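Inspection log for the structure reproduced underneath, given as structure tokens.
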Amino acid sequence: MSYFPSGFILSLTGCLGFLSVATMAEQKAKQFLEQSPAEDAAAYARNYKAHHEGITPRESIIAYDQWATYDQDLNNDRYRGPVLAAEAVAPFFPVERESKLIMDVACGTGRVAEELRKLGFHKMHGLDPSSGMLQKARLKNLYEKDFCYYVDSKRLPIDDDVYDCVVVAGGFGEGHIPTAGLKEIARIVRPGGLVCIVMRQEYLDHVAEYKGRLEPTMKEMESAELWKMVSKTVVPRYSFDNDGVVFKFVVC
């Protein structure tokens with residue numbers, strides 16, 4: 001049964017032309033649009049607009065810049081990434097959390113930092129390529145510093161071994177951080193520090209940039225003694241009805 005008023009699906013799919021090609025991801029998006037309450041479907045469509053197959057990094061950044069209702073659309077009922085990320089990071093730092101310096105990569109409006117603060121973390125920096133997202137984050141006064149950069153293989157304006165932890169929730173997807181960005185993420189974490197990556201599980205196989213590349217690169221970095229995997233955990237309902245995966249690595 002559709003929960004949409006008459007013509008609502010057509011108006012959504014018409015304005016989001018990327019849904020016209022019947023790829024697996026688009027079929028799944030159409031199915032969600034057709035079967036969900038209108039408010040949830042509209043939120044899903046706006047999220048998908050920033051992640052759709054074939055999107056370029058620049059197009060994705062523009063979508064985030066223009067996403068005025070991000071916090072409402074991706075509240076904790078629809079998107080559990082921030083909560084899952086904070087819960088994954090916290091056990092690694094059982095004491096003195098207030099002194100640990102965390103870099104929140106792909107920080108968006110600061111949702112992960114909000115959850116980390118609830119658990120006793122206070123020293124945080126944020127990094128995101130979307131100036132629009134960072135403007136919203138600044139209003140929350142969560143970060144001591146913020147950086148507007150896209151993470152890839154190019155060196156960030158950050159020294160080696162700065163952070164006790166880098167956390168990335170939602171930063172891996174179509175048009176987002178490429179596989180080559182893993183080494184740059186590890187570079188800025190001090191030896192013994194933590195890298196925590198939370199992402200949609202299906203992206204490991206459905207995103208061309210990651211299929212057969214992301215996890216092998218993680219293993220290559222382990223063989224090169226850049227980091228050591230602590231855990232890989234599949235989590236339910238990471239984003240809407242999609243499962244997620246949480247990777248944790250200790251930097252060598």
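Residue names in the structure tokens use chain letters A, B, ... in the order shown, residue numbers from 1 in each chain, and ligand numbers from 1 in the order shown.
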- Using only C-alpha atoms, which residues sit within 10 Å of range 112-126 of chain A once same-chain residues fewer than 5 positions away are excluded, as a VMD selection string? chain A and resid 80 to 87 89 to 90 93 95 to 107 134 137 to 138 140 to 148 163 165 to 169
Using 12 Å as the limit and counting only C-alpha atoms, can you tabulate each residue of range 135-179 of chain A that touches range 59-67 of chain A, with its shortest atom-to-atom distance in Å and the two atoms involved, as a tab-separated table?
```
residue	atom	partner	partner_atom	distance
A:Gln135	CA	A:Asp65	CA	9.5
A:Lys136	CA	A:Asp65	CA	10.1
A:Cys148	CA	A:Ile61	CA	10.9
A:Tyr149	CA	A:Ile61	CA	10.6
A:Tyr150	CA	A:Ile61	CA	9.2
A:Gly171	CA	A:Ser60	CA	11.2
A:Phe172	CA	A:Ser60	CA	11.9
A:Gly173	CA	A:Ser60	CA	10.1
A:Glu174	CA	A:Ser60	CA	8.4
A:Gly175	CA	A:Ser60	CA	6.2
A:His176	CA	A:Ser60	CA	7.4
A:Ile177	CA	A:Ser60	CA	10.9
```
- Which residue, A:Pro236, A:Leu194, A:Leu214, A:Val207, has the smallest gap to Gly54 in chain A when you use only C-alpha atoms?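 Comparing A:Pro236, A:Leu194, A:Leu214, A:Val207 against Gly54 in chain A, the winner is A:Val207.
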- Residues within 7 Å of range 237-248 of chain A, only C-alpha atoms, excluding chain neighbours under 5 positions, as a list in words: Arg78, Tyr79, Arg80, Gly81, Leu194, Val195, Cys196, Ile197, Val198, Met199, Arg200, Gln201, Met229, Val230, Ser231 and Lys232 of chain A
Write a file of the just-selected residues containing all heavy atoms, as a short mmCIF file (atom, residue, chain, number, x, y, z; two decimals), in the first residue's frame.
```cif
data_model
loop_
_atom_site.label_atom_id
_atom_site.label_comp_id
_atom_site.auth_asym_id
_atom_site.auth_seq_id
_atom_site.Cartn_x
_atom_site.Cartn_y
_atom_site.Cartn_z
N ARG A 78 15.90 7.60 11.71
CA ARG A 78 16.14 7.24 10.32
C ARG A 78 17.61 6.93 10.05
O ARG A 78 17.92 6.13 9.17
CB ARG A 78 15.70 8.38 9.39
CG ARG A 78 14.22 8.70 9.45
CD ARG A 78 13.84 9.67 8.34
NE ARG A 78 12.44 10.05 8.42
CZ ARG A 78 12.01 11.27 8.72
NH1 ARG A 78 12.89 12.24 8.94
NH2 ARG A 78 10.72 11.54 8.77
N TYR A 79 18.50 7.59 10.78
CA TYR A 79 19.93 7.43 10.54
C TYR A 79 20.64 7.27 11.88
O TYR A 79 20.76 8.22 12.65
CB TYR A 79 20.47 8.65 9.79
CG TYR A 79 21.97 8.64 9.59
CD1 TYR A 79 22.61 7.54 9.02
CD2 TYR A 79 22.74 9.74 9.96
CE1 TYR A 79 23.98 7.54 8.84
CE2 TYR A 79 24.12 9.75 9.78
CZ TYR A 79 24.73 8.64 9.22
OH TYR A 79 26.09 8.63 9.05
N ARG A 80 21.13 6.04 12.14
CA ARG A 80 21.74 5.73 13.42
C ARG A 80 23.25 5.83 13.39
O ARG A 80 23.93 5.51 14.36
CB ARG A 80 21.32 4.32 13.84
CG ARG A 80 19.81 4.15 14.05
CD ARG A 80 19.45 2.72 14.39
NE ARG A 80 20.11 2.25 15.60
CZ ARG A 80 20.84 1.15 15.69
NH1 ARG A 80 21.00 0.36 14.63
NH2 ARG A 80 21.40 0.79 16.82
N GLY A 81 23.81 6.30 12.28
CA GLY A 81 25.25 6.39 12.15
C GLY A 81 25.95 7.14 13.27
O GLY A 81 26.93 6.65 13.83
N LEU A 194 42.89 5.41 17.38
CA LEU A 194 41.79 4.66 16.77
C LEU A 194 41.29 5.32 15.51
O LEU A 194 41.14 6.55 15.46
CB LEU A 194 40.64 4.55 17.78
CG LEU A 194 39.36 3.84 17.30
CD1 LEU A 194 39.60 2.34 17.14
CD2 LEU A 194 38.21 4.09 18.28
N VAL A 195 41.01 4.51 14.48
CA VAL A 195 40.21 4.93 13.33
C VAL A 195 38.93 4.12 13.35
O VAL A 195 38.96 2.88 13.40
CB VAL A 195 40.95 4.69 12.00
CG1 VAL A 195 40.01 4.98 10.82
CG2 VAL A 195 42.19 5.57 11.90
N CYS A 196 37.80 4.81 13.33
CA CYS A 196 36.49 4.16 13.34
C CYS A 196 35.71 4.62 12.11
O CYS A 196 35.49 5.82 11.93
CB CYS A 196 35.73 4.51 14.61
SG CYS A 196 34.06 3.80 14.70
N ILE A 197 35.32 3.68 11.27
CA ILE A 197 34.58 3.97 10.04
C ILE A 197 33.23 3.27 10.11
O ILE A 197 33.17 2.05 10.30
CB ILE A 197 35.36 3.49 8.80
CG1 ILE A 197 36.67 4.27 8.68
CG2 ILE A 197 34.51 3.64 7.54
CD1 ILE A 197 37.61 3.71 7.63
N VAL A 198 32.17 4.04 9.96
CA VAL A 198 30.80 3.50 9.96
C VAL A 198 30.18 3.83 8.61
O VAL A 198 30.15 5.00 8.21
CB VAL A 198 29.96 4.11 11.10
CG1 VAL A 198 28.62 3.40 11.20
CG2 VAL A 198 30.71 4.05 12.43
N MET A 199 29.69 2.81 7.93
CA MET A 199 29.16 3.01 6.59
C MET A 199 28.07 1.99 6.28
O MET A 199 27.89 1.02 7.03
CB MET A 199 30.28 2.88 5.56
CG MET A 199 30.95 1.51 5.53
SD MET A 199 32.35 1.39 4.37
CE MET A 199 31.48 1.47 2.79
N ARG A 200 27.36 2.22 5.20
CA ARG A 200 26.33 1.26 4.78
C ARG A 200 27.01 -0.02 4.28
O ARG A 200 27.93 0.05 3.45
CB ARG A 200 25.44 1.85 3.69
CG ARG A 200 24.19 1.02 3.42
CD ARG A 200 23.33 1.60 2.31
NE ARG A 200 22.78 2.91 2.64
CZ ARG A 200 21.86 3.52 1.91
NH1 ARG A 200 21.38 2.94 0.81
NH2 ARG A 200 21.41 4.71 2.26
N GLN A 201 26.58 -1.16 4.76
CA GLN A 201 27.25 -2.42 4.43
C GLN A 201 27.23 -2.71 2.93
O GLN A 201 28.24 -3.13 2.36
CB GLN A 201 26.59 -3.58 5.19
CG GLN A 201 27.28 -4.92 4.96
CD GLN A 201 26.51 -6.09 5.55
OE1 GLN A 201 25.28 -6.01 5.70
NE2 GLN A 201 27.19 -7.16 5.87
N MET A 229 43.49 -4.11 12.32
CA MET A 229 42.05 -4.17 12.52
C MET A 229 41.72 -4.69 13.91
O MET A 229 42.26 -5.71 14.35
CB MET A 229 41.37 -5.05 11.46
CG MET A 229 39.85 -5.15 11.65
SD MET A 229 39.01 -6.14 10.39
CE MET A 229 38.93 -4.96 9.04
N VAL A 230 40.84 -3.98 14.58
CA VAL A 230 40.33 -4.40 15.88
C VAL A 230 39.06 -5.21 15.69
O VAL A 230 38.87 -6.26 16.30
CB VAL A 230 40.05 -3.18 16.78
CG1 VAL A 230 39.40 -3.60 18.08
CG2 VAL A 230 41.32 -2.40 17.03
N SER A 231 38.16 -4.72 14.82
CA SER A 231 36.89 -5.41 14.63
C SER A 231 36.19 -4.91 13.38
O SER A 231 36.44 -3.80 12.90
CB SER A 231 35.97 -5.21 15.84
OG SER A 231 35.69 -3.83 16.03
N LYS A 232 35.34 -5.77 12.86
CA LYS A 232 34.40 -5.43 11.79
C LYS A 232 33.04 -5.98 12.23
O LYS A 232 32.89 -7.18 12.40
CB LYS A 232 34.82 -6.06 10.46
CG LYS A 232 33.78 -5.91 9.35
CD LYS A 232 34.15 -6.71 8.10
CE LYS A 232 33.05 -6.65 7.06
NZ LYS A 232 33.40 -7.49 5.85
#
```
- Query: In Å, how far is it from CA of Pro157 in chain A to CA of Arg213 in chain A?
  - Reply: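 Separating CA of Pro157 in chain A from CA of Arg213 in chain A is a distance of 25.9 Å.
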- Message: What's the separation between CA of Pro129 in chain A and CA of Ala180 in chain A, in Å to one decimal place?
- Response: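 Taking CA of Pro129 in chain A and CA of Ala180 in chain A, their separation equals 16.2 Å.
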- Identify all residues of range 97-140 of chain A in strand (DSSP E or B) (DSSP on the backbone) and supply them as a list of chain:residue names.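 The strand (DSSP E or B) residues within range 97-140 of chain A come out as A:Leu101, A:Ile102, A:Met103, A:Asp104, A:Val105, A:Lys123, A:Met124, A:His125, A:Gly126, A:Leu127.
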- Task: Provide the CA of Asp161 in chain A to CA of Arg187 in chain A distance in Å, to one decimal place.
- Result: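 Computing the Euclidean distance for CA of Asp161 in chain A and CA of Arg187 in chain A yields 6.4 Å.
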- Task: Tell me which protein, DNA and RNA residues are within 9 Å of Ala43 in chain A, counting only C-alpha atoms, leaving out same-chain ones fewer than 5 positions away, and put them as a list in words.
- Result: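 Everything that qualifies: Ala38, Tyr48, Thr69, Tyr70, Gln72, Asp73, Leu74 and Arg78 of chain A.
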